[in-house]
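Asker: So that you have it, the file is work-v5.txt, and it contains compact mmCIF, C-alpha atoms and all ligand atoms:
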# COMPACT_ATOMS: atom_id res chain seq x y z
CA MET A 1 -44.22 7.80 4.02
CA THR A 2 -45.27 11.23 2.73
CA ASP A 3 -42.81 14.12 2.45
CA GLU A 4 -44.61 15.77 5.34
CA GLU A 5 -44.18 12.70 7.56
CA ILE A 6 -40.47 12.60 6.76
CA ARG A 7 -40.13 16.29 7.58
CA GLN A 8 -41.92 15.78 10.89
CA LYS A 9 -39.78 12.79 11.85
CA THR A 10 -36.61 14.68 10.96
CA LYS A 11 -37.70 17.67 13.00
CA ASN A 12 -38.50 15.49 16.04
CA LEU A 13 -35.12 13.79 15.79
CA LEU A 14 -33.16 17.04 15.59
CA ILE A 15 -35.05 18.49 18.53
CA ALA A 16 -34.52 15.32 20.58
CA ASN A 17 -30.76 15.39 19.84
CA THR A 18 -30.36 19.09 20.71
CA ARG A 19 -28.08 19.85 23.63
CA GLN A 20 -27.99 23.36 25.07
CA GLY A 21 -26.99 25.19 28.19
CA HIS A 22 -24.46 27.52 29.76
CA ASN A 23 -20.98 26.45 30.73
CA VAL A 24 -19.80 28.22 33.88
CA GLU A 25 -16.13 27.29 33.42
CA ILE A 26 -15.79 29.27 30.20
CA GLU A 27 -18.89 31.41 30.72
CA LYS A 28 -20.37 30.59 27.36
CA ASP A 29 -23.76 29.46 26.10
CA TYR A 30 -23.86 26.54 23.74
CA CYS A 31 -26.42 24.86 21.54
CA TYR A 32 -25.62 21.95 19.28
CA ILE A 33 -27.14 18.80 17.88
CA SER A 34 -25.53 15.51 18.70
CA PRO A 35 -25.50 13.31 15.56
CA SER A 36 -26.52 10.33 17.72
CA PRO A 37 -26.57 10.85 21.51
CA SER A 38 -25.61 7.28 22.44
CA THR A 39 -22.75 6.91 19.96
CA TYR A 40 -21.63 10.45 19.12
CA PRO A 41 -22.33 12.80 22.06
CA TYR A 42 -20.11 15.72 21.01
CA GLN A 43 -20.53 18.61 18.57
CA TRP A 44 -18.90 17.70 15.25
CA PHE A 45 -17.76 20.20 12.64
CA TRP A 46 -19.21 18.92 9.39
CA ASP A 47 -22.17 17.32 11.16
CA THR A 48 -23.09 20.79 12.43
CA CYS A 49 -23.08 22.08 8.87
CA PHE A 50 -25.34 19.20 7.77
CA HIS A 51 -27.66 20.09 10.65
CA VAL A 52 -27.78 23.69 9.45
CA PHE A 53 -28.80 22.56 5.94
CA ILE A 54 -31.52 20.36 7.43
CA LEU A 55 -32.79 23.07 9.79
CA CYS A 56 -32.93 25.62 6.99
CA ALA A 57 -34.91 23.17 4.86
CA LEU A 58 -37.29 22.82 7.82
CA GLY A 59 -37.48 26.60 8.25
CA ASP A 60 -35.94 26.62 11.75
CA TYR A 61 -33.42 29.40 11.11
CA ASP A 62 -33.08 30.35 14.75
CA LEU A 63 -31.85 26.91 15.79
CA ALA A 64 -29.61 26.86 12.70
CA LYS A 65 -27.99 30.15 13.78
CA ARG A 66 -27.45 28.96 17.33
CA ASN A 67 -25.72 25.79 16.10
CA MET A 68 -23.50 27.87 13.86
CA GLU A 69 -22.62 30.26 16.69
CA SER A 70 -21.62 27.40 18.98
CA LEU A 71 -19.38 25.96 16.29
CA PHE A 72 -17.26 29.10 16.46
CA THR A 73 -17.50 29.85 20.18
CA MET A 74 -14.21 28.15 21.00
CA GLN A 75 -12.41 29.30 17.83
CA LEU A 76 -8.74 29.99 18.58
CA GLU A 77 -7.07 33.36 18.01
CA ASP A 78 -5.36 32.02 14.87
CA GLY A 79 -8.71 30.91 13.38
CA PHE A 80 -8.56 27.17 14.12
CA VAL A 81 -11.74 25.22 14.90
CA GLY A 82 -11.43 21.52 15.79
CA HIS A 83 -13.50 18.68 14.36
CA MET A 84 -14.99 17.80 17.76
CA LEU A 85 -16.20 20.25 20.38
CA PHE A 86 -16.54 18.82 23.85
CA TRP A 87 -19.28 20.77 25.62
CA GLU A 88 -21.23 18.60 28.05
CA SER A 89 -19.31 15.37 27.59
CA THR A 90 -15.78 16.56 28.16
CA PHE A 91 -14.51 13.26 29.43
CA VAL A 92 -13.24 11.35 26.41
CA ASN A 93 -14.07 7.67 26.39
CA HIS A 94 -12.04 6.33 23.49
CA VAL A 95 -8.33 6.16 22.80
CA LEU A 96 -8.83 7.77 19.36
CA THR A 97 -10.78 10.67 20.82
CA PHE A 98 -8.02 11.11 23.38
CA VAL A 99 -5.12 11.31 20.91
CA GLN A 100 -7.06 13.51 18.48
CA SER A 101 -6.71 16.40 20.94
CA LYS A 102 -3.54 18.01 22.21
CA PRO A 103 -2.88 17.07 25.83
CA HIS A 104 -5.37 19.13 27.82
CA PRO A 105 -4.67 19.76 31.49
CA ARG A 106 -8.23 20.06 32.80
CA VAL A 107 -10.34 17.63 30.84
CA TYR A 108 -13.64 18.71 32.35
CA ILE A 109 -13.43 22.15 30.76
CA PRO A 110 -14.99 22.46 27.28
CA HIS A 111 -12.33 22.18 24.60
CA MET A 112 -11.80 21.13 20.99
CA SER A 113 -9.97 18.35 19.19
CA SER A 114 -6.80 19.27 17.29
CA ILE A 115 -7.79 17.98 13.87
CA ILE A 116 -10.22 19.36 11.30
CA GLN A 117 -13.06 18.11 9.10
CA PRO A 118 -14.19 19.00 5.57
CA PRO A 119 -14.87 22.76 5.42
CA LEU A 120 -18.56 23.40 4.88
CA ALA A 121 -19.05 26.23 7.35
CA ALA A 122 -19.26 29.07 4.81
CA GLN A 123 -21.79 27.05 2.81
CA ALA A 124 -23.86 26.55 5.96
CA ALA A 125 -23.68 30.25 6.88
CA LEU A 126 -24.59 31.24 3.34
CA ARG A 127 -27.61 28.94 3.46
CA ILE A 128 -28.89 30.71 6.58
CA TYR A 129 -28.23 34.09 5.02
CA GLU A 130 -30.03 33.20 1.79
CA HIS A 131 -33.14 32.37 3.78
CA THR A 132 -33.04 35.16 6.35
CA LYS A 133 -31.05 38.01 4.73
CA ASP A 134 -29.89 38.63 8.27
CA LYS A 135 -27.17 41.32 8.08
CA ASN A 136 -26.33 40.93 11.77
CA LEU A 137 -25.53 37.29 11.23
CA LEU A 138 -23.34 38.27 8.28
CA SER A 139 -21.32 40.81 10.22
CA GLU A 140 -20.88 38.39 13.12
CA ILE A 141 -19.98 35.25 11.23
CA LEU A 142 -17.97 36.57 8.27
CA PRO A 143 -14.89 37.66 10.26
CA LYS A 144 -14.83 34.26 11.99
CA LEU A 145 -15.11 32.42 8.70
CA LYS A 146 -12.34 34.56 7.23
CA ARG A 147 -10.05 33.68 10.11
CA TYR A 148 -10.93 30.01 9.71
CA HIS A 149 -10.15 30.08 5.99
CA TRP A 150 -6.96 31.96 6.69
CA TRP A 151 -5.92 29.17 9.09
CA LEU A 152 -6.65 26.54 6.45
CA ARG A 153 -4.56 28.31 3.81
CA VAL A 154 -1.62 29.11 6.03
CA ASN A 155 -1.46 25.75 7.77
CA ARG A 156 -2.66 23.18 5.28
CA ASP A 157 -1.70 24.39 1.82
CA PHE A 158 1.82 23.08 2.39
CA GLU A 159 3.01 23.48 -1.20
CA GLY A 160 1.28 26.68 -2.23
CA ASN A 161 -0.77 25.10 -5.04
CA GLY A 162 -4.05 25.85 -3.30
CA LEU A 163 -4.83 22.23 -2.36
CA LEU A 164 -5.27 21.44 1.34
CA SER A 165 -3.70 18.37 2.93
CA ILE A 166 -5.17 16.25 5.69
CA ILE A 167 -2.94 14.79 8.40
CA SER A 168 -5.25 12.05 9.70
CA PRO A 169 -7.73 9.73 7.94
CA PHE A 170 -10.42 11.15 10.26
CA GLU A 171 -10.00 14.61 8.77
CA SER A 172 -11.62 13.37 5.56
CA GLY A 173 -14.80 12.60 7.54
CA MET A 174 -14.55 9.13 5.93
CA ASP A 175 -12.42 7.46 8.56
CA PHE A 176 -11.28 4.17 6.99
CA LYS A 177 -11.69 5.20 3.34
CA PRO A 178 -10.01 2.47 1.27
CA SER A 179 -7.79 4.85 -0.69
CA PHE A 180 -5.80 5.54 2.48
CA ASP A 181 -4.62 1.89 2.73
CA GLU A 182 -1.62 2.56 0.47
CA VAL A 183 -0.48 5.55 2.54
CA LEU A 184 -0.89 3.55 5.74
CA ASN A 185 1.03 0.57 4.33
CA PHE A 186 -1.99 -1.64 4.89
CA LYS A 187 -2.29 -4.41 2.29
CA HIS A 188 -5.34 -3.23 0.34
CA GLY A 189 -8.27 -5.57 0.94
CA ILE A 190 -10.89 -6.37 3.59
CA ALA A 191 -10.20 -4.38 6.77
CA ASN A 192 -8.92 -6.04 9.92
CA GLU A 193 -7.30 -5.07 13.25
CA LEU A 194 -4.05 -4.22 11.48
CA LEU A 195 -5.81 -1.40 9.66
CA PHE A 196 -7.17 -0.10 12.94
CA GLU A 197 -3.65 -0.11 14.39
CA ASP A 198 -2.23 1.69 11.35
CA VAL A 199 -4.90 4.38 11.53
CA LEU A 200 -4.52 4.76 15.29
CA TRP A 201 -0.75 5.02 14.90
CA VAL A 202 -1.13 8.10 12.66
CA ASP A 203 -3.12 9.90 15.35
CA VAL A 204 -0.74 8.75 18.08
CA ARG A 205 2.22 10.15 16.12
CA ASN A 206 0.37 13.43 15.59
CA PHE A 207 -0.30 13.52 19.32
CA LEU A 208 3.34 12.80 20.15
CA ASN A 209 4.29 15.57 17.72
CA ASN A 210 1.97 17.80 19.73
CA TYR A 211 0.13 18.61 16.50
CA ASP A 212 3.11 20.63 15.27
CA LEU A 213 2.19 20.86 11.59
CA LYS A 214 5.69 21.66 10.33
CA LYS A 215 7.04 18.55 12.03
CA ILE A 216 4.16 16.40 10.83
CA TYR A 217 4.63 17.59 7.25
CA LYS A 218 8.36 16.91 7.41
CA GLU A 219 7.91 13.40 8.79
CA ASN A 220 5.37 12.76 6.02
CA TYR A 221 3.67 9.64 7.46
CA PHE A 222 0.18 10.79 6.46
CA ILE A 223 -0.08 13.85 4.25
CA VAL A 224 -2.92 13.34 1.79
CA LYS A 225 -4.69 15.69 -0.57
CA GLU A 226 -8.12 14.15 -0.55
CA VAL A 227 -10.59 14.77 -3.37
CA GLY A 228 -13.69 15.02 -1.17
CA PHE A 229 -12.07 17.46 1.23
CA ASN A 230 -10.81 19.69 -1.58
CA THR A 231 -14.16 19.59 -3.39
CA PHE A 232 -15.91 20.81 -0.24
CA TYR A 233 -13.14 23.37 0.20
CA THR A 234 -13.71 24.78 -3.29
CA LEU A 235 -17.44 25.04 -2.64
CA ASP A 236 -16.70 26.78 0.64
CA LEU A 237 -14.43 29.30 -1.08
CA LEU A 238 -17.22 30.07 -3.54
CA ALA A 239 -19.62 30.47 -0.61
CA MET A 240 -17.11 32.85 1.02
CA ALA A 241 -17.13 34.92 -2.18
CA GLN A 242 -20.92 35.12 -2.04
CA LEU A 243 -20.95 36.06 1.64
CA CYS A 244 -18.38 38.80 0.94
CA LYS A 245 -20.50 40.06 -1.94
CA ALA A 246 -23.56 40.22 0.30
CA ASP A 247 -21.49 42.23 2.78
CA GLN A 248 -20.03 44.46 0.02
CA ASP A 249 -16.61 43.21 1.01
CA GLN A 250 -13.85 43.42 -1.59
CA GLU A 251 -12.41 40.06 -0.64
CA GLU A 252 -15.06 38.52 -2.86
CA LEU A 253 -12.50 38.44 -5.65
CA LEU A 254 -9.82 36.83 -3.50
CA TYR A 255 -12.06 33.87 -2.70
CA LYS A 256 -13.12 33.49 -6.32
CA LYS A 257 -9.49 33.39 -7.39
CA LEU A 258 -8.65 30.87 -4.71
CA ALA A 259 -11.52 28.63 -5.81
CA LYS A 260 -10.19 28.73 -9.36
CA LYS A 261 -6.68 27.94 -8.18
CA VAL A 262 -7.89 24.88 -6.24
CA THR A 263 -10.01 23.65 -9.17
CA ASP A 264 -7.05 24.05 -11.55
CA SER A 265 -4.71 22.17 -9.22
CA MET A 266 -7.26 19.42 -8.74
CA ARG A 267 -7.51 19.02 -12.50
CA ASP A 268 -3.72 19.10 -13.00
CA LEU A 269 -2.72 16.83 -10.13
CA MET A 270 -5.70 14.59 -9.36
CA TYR A 271 -7.59 14.03 -12.61
CA ASP A 272 -6.89 11.05 -14.79
CA GLU A 273 -8.60 11.57 -18.12
CA GLU A 274 -8.30 8.00 -19.32
CA GLU A 275 -9.88 6.66 -16.16
CA ALA A 276 -12.34 9.58 -15.91
CA ALA A 277 -11.58 9.87 -12.21
CA TYR A 278 -10.16 12.28 -9.64
CA PHE A 279 -7.78 10.41 -7.35
CA ASP A 280 -6.50 11.28 -3.88
CA ILE A 281 -2.78 12.10 -4.01
CA TYR A 282 0.00 11.85 -1.43
CA GLY A 283 3.68 12.22 -0.70
CA ASN A 284 6.28 14.57 -2.13
CA ASP A 285 5.53 13.54 -5.69
CA ASN A 286 1.73 13.76 -5.31
CA LYS A 287 1.29 10.11 -6.21
CA LYS A 288 -2.22 9.18 -7.36
CA ILE A 289 -4.01 6.53 -5.32
CA ARG A 290 -5.97 4.62 -7.95
CA ILE A 291 -8.81 3.33 -5.80
CA ILE A 292 -12.39 3.82 -6.98
CA THR A 293 -14.60 5.32 -4.25
CA PRO A 294 -17.43 7.87 -4.72
CA THR A 295 -15.07 10.82 -4.22
CA ILE A 296 -13.56 10.13 -7.67
CA PHE A 297 -16.61 11.88 -9.15
CA PHE A 298 -17.24 14.46 -6.38
CA PRO A 299 -15.77 17.31 -8.52
CA ALA A 300 -18.77 16.82 -10.84
CA VAL A 301 -20.54 19.29 -8.53
CA LEU A 302 -18.02 22.10 -9.17
CA PRO A 303 -19.08 24.86 -11.55
CA ASP A 304 -15.77 24.98 -13.44
CA ILE A 305 -15.57 21.31 -14.38
CA PRO A 306 -16.41 20.86 -18.09
CA LEU A 307 -19.65 18.99 -18.76
CA SER A 308 -17.72 16.47 -20.87
CA SER A 309 -15.67 15.40 -17.79
CA VAL A 310 -18.80 15.27 -15.65
CA ARG A 311 -20.43 12.99 -18.23
CA SER A 312 -17.39 10.70 -18.41
CA MET A 313 -17.18 10.38 -14.62
CA ILE A 314 -20.88 9.68 -14.14
CA ASP A 315 -21.26 7.33 -17.12
CA ARG A 316 -18.06 5.39 -16.45
CA HIS A 317 -18.43 5.07 -12.69
CA LEU A 318 -21.59 6.17 -10.89
CA ALA A 319 -23.78 4.51 -13.54
CA ASN A 320 -21.57 1.43 -13.78
CA THR A 321 -23.27 -1.80 -12.63
CA LYS A 322 -19.92 -3.26 -11.55
CA GLU A 323 -19.10 -0.27 -9.38
CA PHE A 324 -21.92 1.76 -7.81
CA VAL A 325 -25.31 0.60 -9.09
CA THR A 326 -26.95 -1.27 -6.20
CA ASN A 327 -30.51 -1.55 -4.86
CA TYR A 328 -29.79 1.21 -2.38
CA PRO A 329 -27.09 3.48 -3.84
CA ILE A 330 -24.54 5.02 -3.40
CA PRO A 331 -22.16 2.49 -1.78
CA SER A 332 -19.09 4.05 -0.15
CA ASP A 333 -16.68 1.89 -2.15
CA SER A 334 -16.77 0.41 -5.62
CA MET A 335 -18.22 -3.12 -5.59
CA ASP A 336 -15.25 -4.40 -7.55
CA ASP A 337 -12.68 -3.03 -5.12
CA PRO A 338 -11.02 -5.80 -3.05
CA ALA A 339 -11.72 -3.74 0.10
CA PHE A 340 -15.50 -3.64 -0.54
CA GLN A 341 -17.47 -4.94 2.45
CA PRO A 342 -21.20 -4.06 2.56
CA ASN A 343 -22.01 -5.14 6.13
CA GLU A 344 -21.81 -3.49 9.55
CA ALA A 345 -18.22 -3.07 10.76
CA ILE A 346 -16.10 -0.80 12.90
CA TYR A 347 -14.10 0.02 9.77
CA LEU A 348 -16.42 2.71 8.45
CA TRP A 349 -16.78 3.91 4.83
CA ARG A 350 -15.66 0.69 3.07
CA GLY A 351 -18.83 -0.40 1.29
CA PRO A 352 -22.14 0.50 2.97
CA THR A 353 -24.30 3.43 1.85
CA TRP A 354 -23.87 6.77 3.61
CA ILE A 355 -26.58 9.12 2.45
CA ILE A 356 -24.33 12.17 2.22
CA PHE A 357 -23.07 10.98 -1.16
CA ASN A 358 -26.65 11.09 -2.45
CA TRP A 359 -27.27 14.52 -0.97
CA MET A 360 -23.94 15.89 -2.21
CA LEU A 361 -24.56 14.90 -5.85
CA TYR A 362 -28.31 15.37 -6.07
CA ARG A 363 -28.63 18.91 -7.43
CA SER A 364 -25.83 18.42 -9.96
CA LEU A 365 -27.34 15.20 -11.26
CA LEU A 366 -30.67 16.92 -11.79
CA THR A 367 -29.17 19.97 -13.49
CA LYS A 368 -26.49 18.26 -15.57
CA GLY A 369 -28.69 15.87 -17.53
CA TYR A 370 -29.04 12.95 -15.10
CA GLU A 371 -32.62 13.45 -13.89
CA LYS A 372 -33.37 9.73 -13.85
CA PHE A 373 -30.30 8.94 -11.84
CA GLY A 374 -31.06 11.79 -9.45
CA GLU A 375 -34.53 10.37 -8.94
CA ARG A 376 -33.06 6.92 -8.21
CA ILE A 377 -30.78 8.16 -5.45
CA TYR A 378 -33.58 10.25 -3.99
CA GLN A 379 -35.98 7.29 -3.98
CA SER A 380 -33.24 5.13 -2.50
CA MET A 381 -33.01 7.45 0.51
CA HIS A 382 -36.76 7.47 0.88
CA ARG A 383 -36.89 3.68 0.92
CA LEU A 384 -33.94 3.43 3.31
CA ILE A 385 -35.66 5.67 5.85
CA GLU A 386 -38.96 3.82 5.44
CA LYS A 387 -37.33 0.44 5.83
CA SER A 388 -34.67 1.06 8.46
CA GLY A 389 -35.23 4.51 9.97
CA PHE A 390 -32.57 7.09 10.75
CA ARG A 391 -29.35 5.11 10.89
CA GLU A 392 -25.70 5.99 10.40
CA TYR A 393 -25.29 3.82 7.29
CA TYR A 394 -27.07 1.07 5.38
CA ASN A 395 -26.45 -2.14 3.50
CA PRO A 396 -26.37 -1.12 -0.20
CA PHE A 397 -28.10 -4.36 -1.32
CA THR A 398 -30.71 -5.02 1.38
CA GLY A 399 -31.18 -1.57 2.94
CA GLU A 400 -30.61 -2.94 6.45
CA GLY A 401 -29.71 -0.13 8.87
CA TYR A 402 -26.32 -0.20 10.63
CA GLY A 403 -24.19 1.76 13.08
CA ALA A 404 -25.46 4.60 15.27
CA LYS A 405 -29.19 4.86 15.95
CA ASN A 406 -31.27 8.05 15.81
CA PHE A 407 -28.59 9.40 13.51
CA THR A 408 -29.33 12.82 12.06
CA TRP A 409 -27.71 12.76 8.62
CA SER A 410 -30.55 10.87 6.92
CA GLY A 411 -32.53 14.05 7.62
CA LEU A 412 -30.66 15.64 4.69
CA ILE A 413 -33.48 14.18 2.64
CA VAL A 414 -35.56 17.24 3.62
CA ASP A 415 -33.06 19.41 1.74
CA MET A 416 -33.46 17.11 -1.26
CA ILE A 417 -37.24 17.36 -1.02
CA ASN A 418 -36.87 21.13 -1.31
CA ILE A 419 -34.41 20.91 -4.23
CA ARG A 420 -36.82 18.55 -5.99
CA ARG A 421 -39.73 20.96 -5.53
CA GLU A 422 -37.63 23.95 -6.57
CA LEU A 423 -36.40 22.33 -9.78
CA ASN A 424 -39.80 20.89 -10.67
CA SER A 425 -41.38 24.30 -10.41
CA THR A 426 -38.88 26.02 -12.74
C1 LIG A 501 -17.90 9.20 12.22
C2 LIG A 501 -17.86 9.72 10.77
C3 LIG A 501 -17.58 11.21 10.76
C4 LIG A 501 -18.63 11.94 11.62
C5 LIG A 501 -18.68 11.36 13.03
C6 LIG A 501 -19.84 11.91 13.84
O1 LIG A 501 -16.64 9.26 12.77
O2 LIG A 501 -16.93 9.01 10.00
O3 LIG A 501 -17.62 11.71 9.46
O4 LIG A 501 -18.38 13.29 11.67
O5 LIG A 501 -18.84 9.95 12.97
O6 LIG A 501 -21.05 11.72 13.18
Show the structure stored in the file as structure tokens.

Answerer:
Amino acid sequence: MTDEEIRQKTKNLLIANTRQGHNVEIEKDYCYISPSPSTYPYQWFWDTCFHVFILCALGDYDLAKRNMESLFTMQLEDGFVGHMLFWESTFVNHVLTFVQSKPHPRVYIPHMSSIIQPPLAAQAALRIYEHTKDKNLLSEILPKLKRYHWWLRVNRDFEGNGLLSIISPFESGMDFKPSFDEVLNFKHGIANELLFEDVLWVDVRNFLNNYDLKKIYKENYFIVKEVGFNTFYTLDLLAMAQLCKADQDQEELLYKKLAKKVTDSMRDLMYDEEEAAYFDIYGNDNKKIRIITPTIFFPAVLPDIPLSSVRSMIDRHLANTKEFVTNYPIPSDSMDDPAFQPNEAIYLWRGPTWIIFNWMLYRSLLTKGYEKFGERIYQSMHRLIEKSGFREYYNPFTGEGYGAKNFTWSGLIVDMINIRRELNST
């Protein structure tokens, strides 16, 4: 398939998955892209940001803006935005979806869930701004993003060290990530119904606690500082600084300082030099969870991480044939982890390949001395799409497509095509 064919297919998919209209109950317009209409009909927080990156790479800035606007249409006074926005499909059809929202009296009115997802919204807004230099967009979106970041700091930096905690496995965006097993008291290994019950129980308890964060923190049944989430958070703070700069807003410095604080705390509390890995931490004593998943090297993308650490993480793990080197990288769990399971399953993120890892690391690999590796993960995505189409996730050995169909995320390859062209021409 040529780059142009991939771009065209991606464009067709995003257009086909677009949902737009006017809701008379709340008198608001909406426009969002469902990640996969049959499996995931709602608007999702980080999915929306991925869609913005894809749309910008395709040059459809107008649709990108409208998706971004809808993401903040239901923002609460205090700045909160939930991880799922129920526009057209307001009737929830799954017990998890039900308990992930505070009890809502009139379910047919658009509303949001009560949990969050990795913060990429400032990065998405910045991407649109970089392409369009649209000052109106800046003055509309920046105050909303500031309120959102304010909410994150006030409500999720429980200990004041800059790191944000998640209160549900789903907030990581990587629902059944194997490192959470220890926190959930699930015997680490291949997933089964007991894991599902443990995960569900966290959300049920949050629901019974009416999403009162002080109570949830005190009860401490699932308070995790996750590496992936905090890496995206740092990048978002840096994007906030850039947006402020573009708007000649003095808060630029505040966001830069915050980004440094988070990076420092990640290094102090999560990094293990001997193992060359950043580990998720939990509990009052910030205990490290020593499970090898791709997030252990996510901080390699941060500007303030020394090149020597980046090299150790990549050489020891990403390039390790016992851990992540497969025919179709990057698997979502290390091959030598007892939880590793490469096939289709309801327990997501425990072995198969999700292409966001490839997308997330691509630019850094190319610019930090790993051109060959970057090319491998790019070609892997190409081959996955050619072989199995746009699927939610793939078998890391055979490339077989699994999970939701007509799934948008594989379209992130168009952003990688642009990065590849950009770096080849410099
Ligand atoms: C799954 C993924 C989550 C994503 C959602 C919609 O739950 O784990 O990250 O946002 O699907 O695509």

Asker: Could you tell me how far atom CA of A:Glu88 sits from atom CA of A:Leu13, in Å to one decimal place?

Answerer: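 Taking atom CA of A:Leu13 and atom CA of A:Glu88, their separation equals 19.1 Å.
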
Asker: In Å, with one decimal, what is the gap from atom CA of A:Thr367 to atom CA of A:Leu318?

Answerer: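 Going from atom CA of A:Thr367 over to atom CA of A:Leu318 covers 16.0 Å.
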
Asker: Residues at most 10 Å from A:Thr18, counting all atoms listed in the file, excluding those fewer than 6 positions away in the same chain, as a ChimeraX atom specification?

Answerer: /A:31-35,37,63,67

Asker: Which polymer residues, protein or nucleic acid, are no farther than 12 Å from (-26.0, 19.1, -14.2), counting all atoms listed in the file, as a list in words?

Answerer: Pro299, Ala300, Val301, Leu302, Pro303, Asp304, Ile305, Pro306, Leu307, Ser308, Ser309, Val310, Arg311, Ile314, Leu361, Tyr362, Arg363, Ser364, Leu365, Leu366, Thr367, Lys368, Gly369, Tyr370, Glu371, Lys372, Phe373, Gly374 and Leu423 of chain A

Asker: Kindly give the distance, in Å, that separates atom CA of A:Ala277 and atom CA of A:Leu258, rounded to a single decimal.

Answerer: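 Going from atom CA of A:Ala277 over to atom CA of A:Leu258 covers 22.5 Å.
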
Asker: Measuring between all atoms listed in the file, which one of A:Phe53, A:Ala276, A:Leu348, A:Val24 shows the shortest distance to A:Tyr402?

Answerer: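 Of the candidates, the smallest distance to A:Tyr402 is held by A:Leu348.
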
Asker: From the options A:Ala16, A:Met266, A:Met1, A:Ile355, which residue's atoms come nearest to ligand LIG 501 (chain A), counting all atoms listed in the file?

Answerer: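 Residue with the minimum atom-to-atom distance to ligand LIG 501 (chain A): A:Ile355.
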
Asker: Pick from A:Ser172, A:Gln43, A:Thr398, A:Asn192: nearest to A:Ile223, with only C-alpha atoms counted?

Answerer: A:Ser172

Asker: Name the residues within 10 Å of (-30.2, 28.9, 12.6), counting all atoms listed in the file in the file's coordinates, and put them as a ChimeraX atom specification.

Answerer: /A:51-53,55-56,59-69,124-125,127-129,131-132,137

Asker: Those same residues - C-alpha atoms - I'd like them written as a compact mmCIF listing (two decimals), in the coordinates of the input.

Answerer:
# COMPACT_ATOMS: atom_id res chain seq x y z
CA HIS A 51 -27.66 20.09 10.65
CA VAL A 52 -27.78 23.69 9.45
CA PHE A 53 -28.80 22.56 5.94
CA LEU A 55 -32.79 23.07 9.79
CA CYS A 56 -32.93 25.62 6.99
CA GLY A 59 -37.48 26.60 8.25
CA ASP A 60 -35.94 26.62 11.75
CA TYR A 61 -33.42 29.40 11.11
CA ASP A 62 -33.08 30.35 14.75
CA LEU A 63 -31.85 26.91 15.79
CA ALA A 64 -29.61 26.86 12.70
CA LYS A 65 -27.99 30.15 13.78
CA ARG A 66 -27.45 28.96 17.33
CA ASN A 67 -25.72 25.79 16.10
CA MET A 68 -23.50 27.87 13.86
CA GLU A 69 -22.62 30.26 16.69
CA ALA A 124 -23.86 26.55 5.96
CA ALA A 125 -23.68 30.25 6.88
CA ARG A 127 -27.61 28.94 3.46
CA ILE A 128 -28.89 30.71 6.58
CA TYR A 129 -28.23 34.09 5.02
CA HIS A 131 -33.14 32.37 3.78
CA THR A 132 -33.04 35.16 6.35
CA LEU A 137 -25.53 37.29 11.23

Asker: Using all atoms listed in the file, which of the listed residues (A:Ser380, A:Ser265, A:Val227, A:Phe222) sits closest to A:Phe297?

Answerer: A:Val227

Asker: Give the residue list for ligand LIG 501 (chain A) at 9 Å, counting all atoms listed in the file, as a ChimeraX atom specification, sorted by chain and then by residue number.

Answerer: /A:34-36,39-48,83-84,117-118,170-176,348-349,392,404,407-409

Asker: With a distance cut-off of 9 Å and all atoms listed in the file, select the neighbouring residues of A:Lys11, excluding the residue or stretch itself and same-chain residues fewer than 4 positions from it, and output the selection as a list in words.

Answerer: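 Listed by chain and then number, they are Ile6, Arg7, Ile15, Ala16, Ile54, Leu55, Leu58 and Gly411 of chain A.
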
Asker: Choose the residue, out of A:Lys144, A:Asp134, A:Tyr217, A:Tyr108, that has the smallest atom-to-atom separation from A:Val81; count all atoms listed in the file.

Answerer: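 Going through A:Lys144, A:Asp134, A:Tyr217, A:Tyr108 one by one, the smallest distance to A:Val81 is for A:Lys144.
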
Asker: Show which residues sit within 9 Å of A:Ile292, as a list in words. Count all atoms listed in the file, and ignore same-chain residues fewer than 2 positions away.

Answerer: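 The contact residues come out as Pro178, Ser179, Ala277, Phe279, Ile289, Arg290, Pro294, Thr295, Ile296, His317, Glu323, Asp333, Ser334, Asp336 and Asp337 of chain A.
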
Asker: Write the residues of the selection above to a file with C-alpha atoms, as a PDB file, in the frame of the given file.

Answerer:
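The resulting file, selection11.pdb, is shown below:
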ATOM      1  CA  PRO A 178     -10.010   2.470   1.270  1.00  0.00           C
ATOM      2  CA  SER A 179      -7.790   4.850  -0.690  1.00  0.00           C
ATOM      3  CA  ALA A 277     -11.580   9.870 -12.210  1.00  0.00           C
ATOM      4  CA  PHE A 279      -7.780  10.410  -7.350  1.00  0.00           C
ATOM      5  CA  ILE A 289      -4.010   6.530  -5.320  1.00  0.00           C
ATOM      6  CA  ARG A 290      -5.970   4.620  -7.950  1.00  0.00           C
ATOM      7  CA  PRO A 294     -17.430   7.870  -4.720  1.00  0.00           C
ATOM      8  CA  THR A 295     -15.070  10.820  -4.220  1.00  0.00           C
ATOM      9  CA  ILE A 296     -13.560  10.130  -7.670  1.00  0.00           C
ATOM     10  CA  HIS A 317     -18.430   5.070 -12.690  1.00  0.00           C
ATOM     11  CA  GLU A 323     -19.100  -0.270  -9.380  1.00  0.00           C
ATOM     12  CA  ASP A 333     -16.680   1.890  -2.150  1.00  0.00           C
ATOM     13  CA  SER A 334     -16.770   0.410  -5.620  1.00  0.00           C
ATOM     14  CA  ASP A 336     -15.250  -4.400  -7.550  1.00  0.00           C
ATOM     15  CA  ASP A 337     -12.680  -3.030  -5.120  1.00  0.00           C
TER      16      ASP A 337
END

Asker: With all atoms listed in the file as the atoms that count, which of A:Tyr271, A:Trp201, A:Phe340, A:Trp87 lies nearest to A:His188?

Answerer: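 The shortest atom-to-atom distance to A:His188 comes from A:Phe340.
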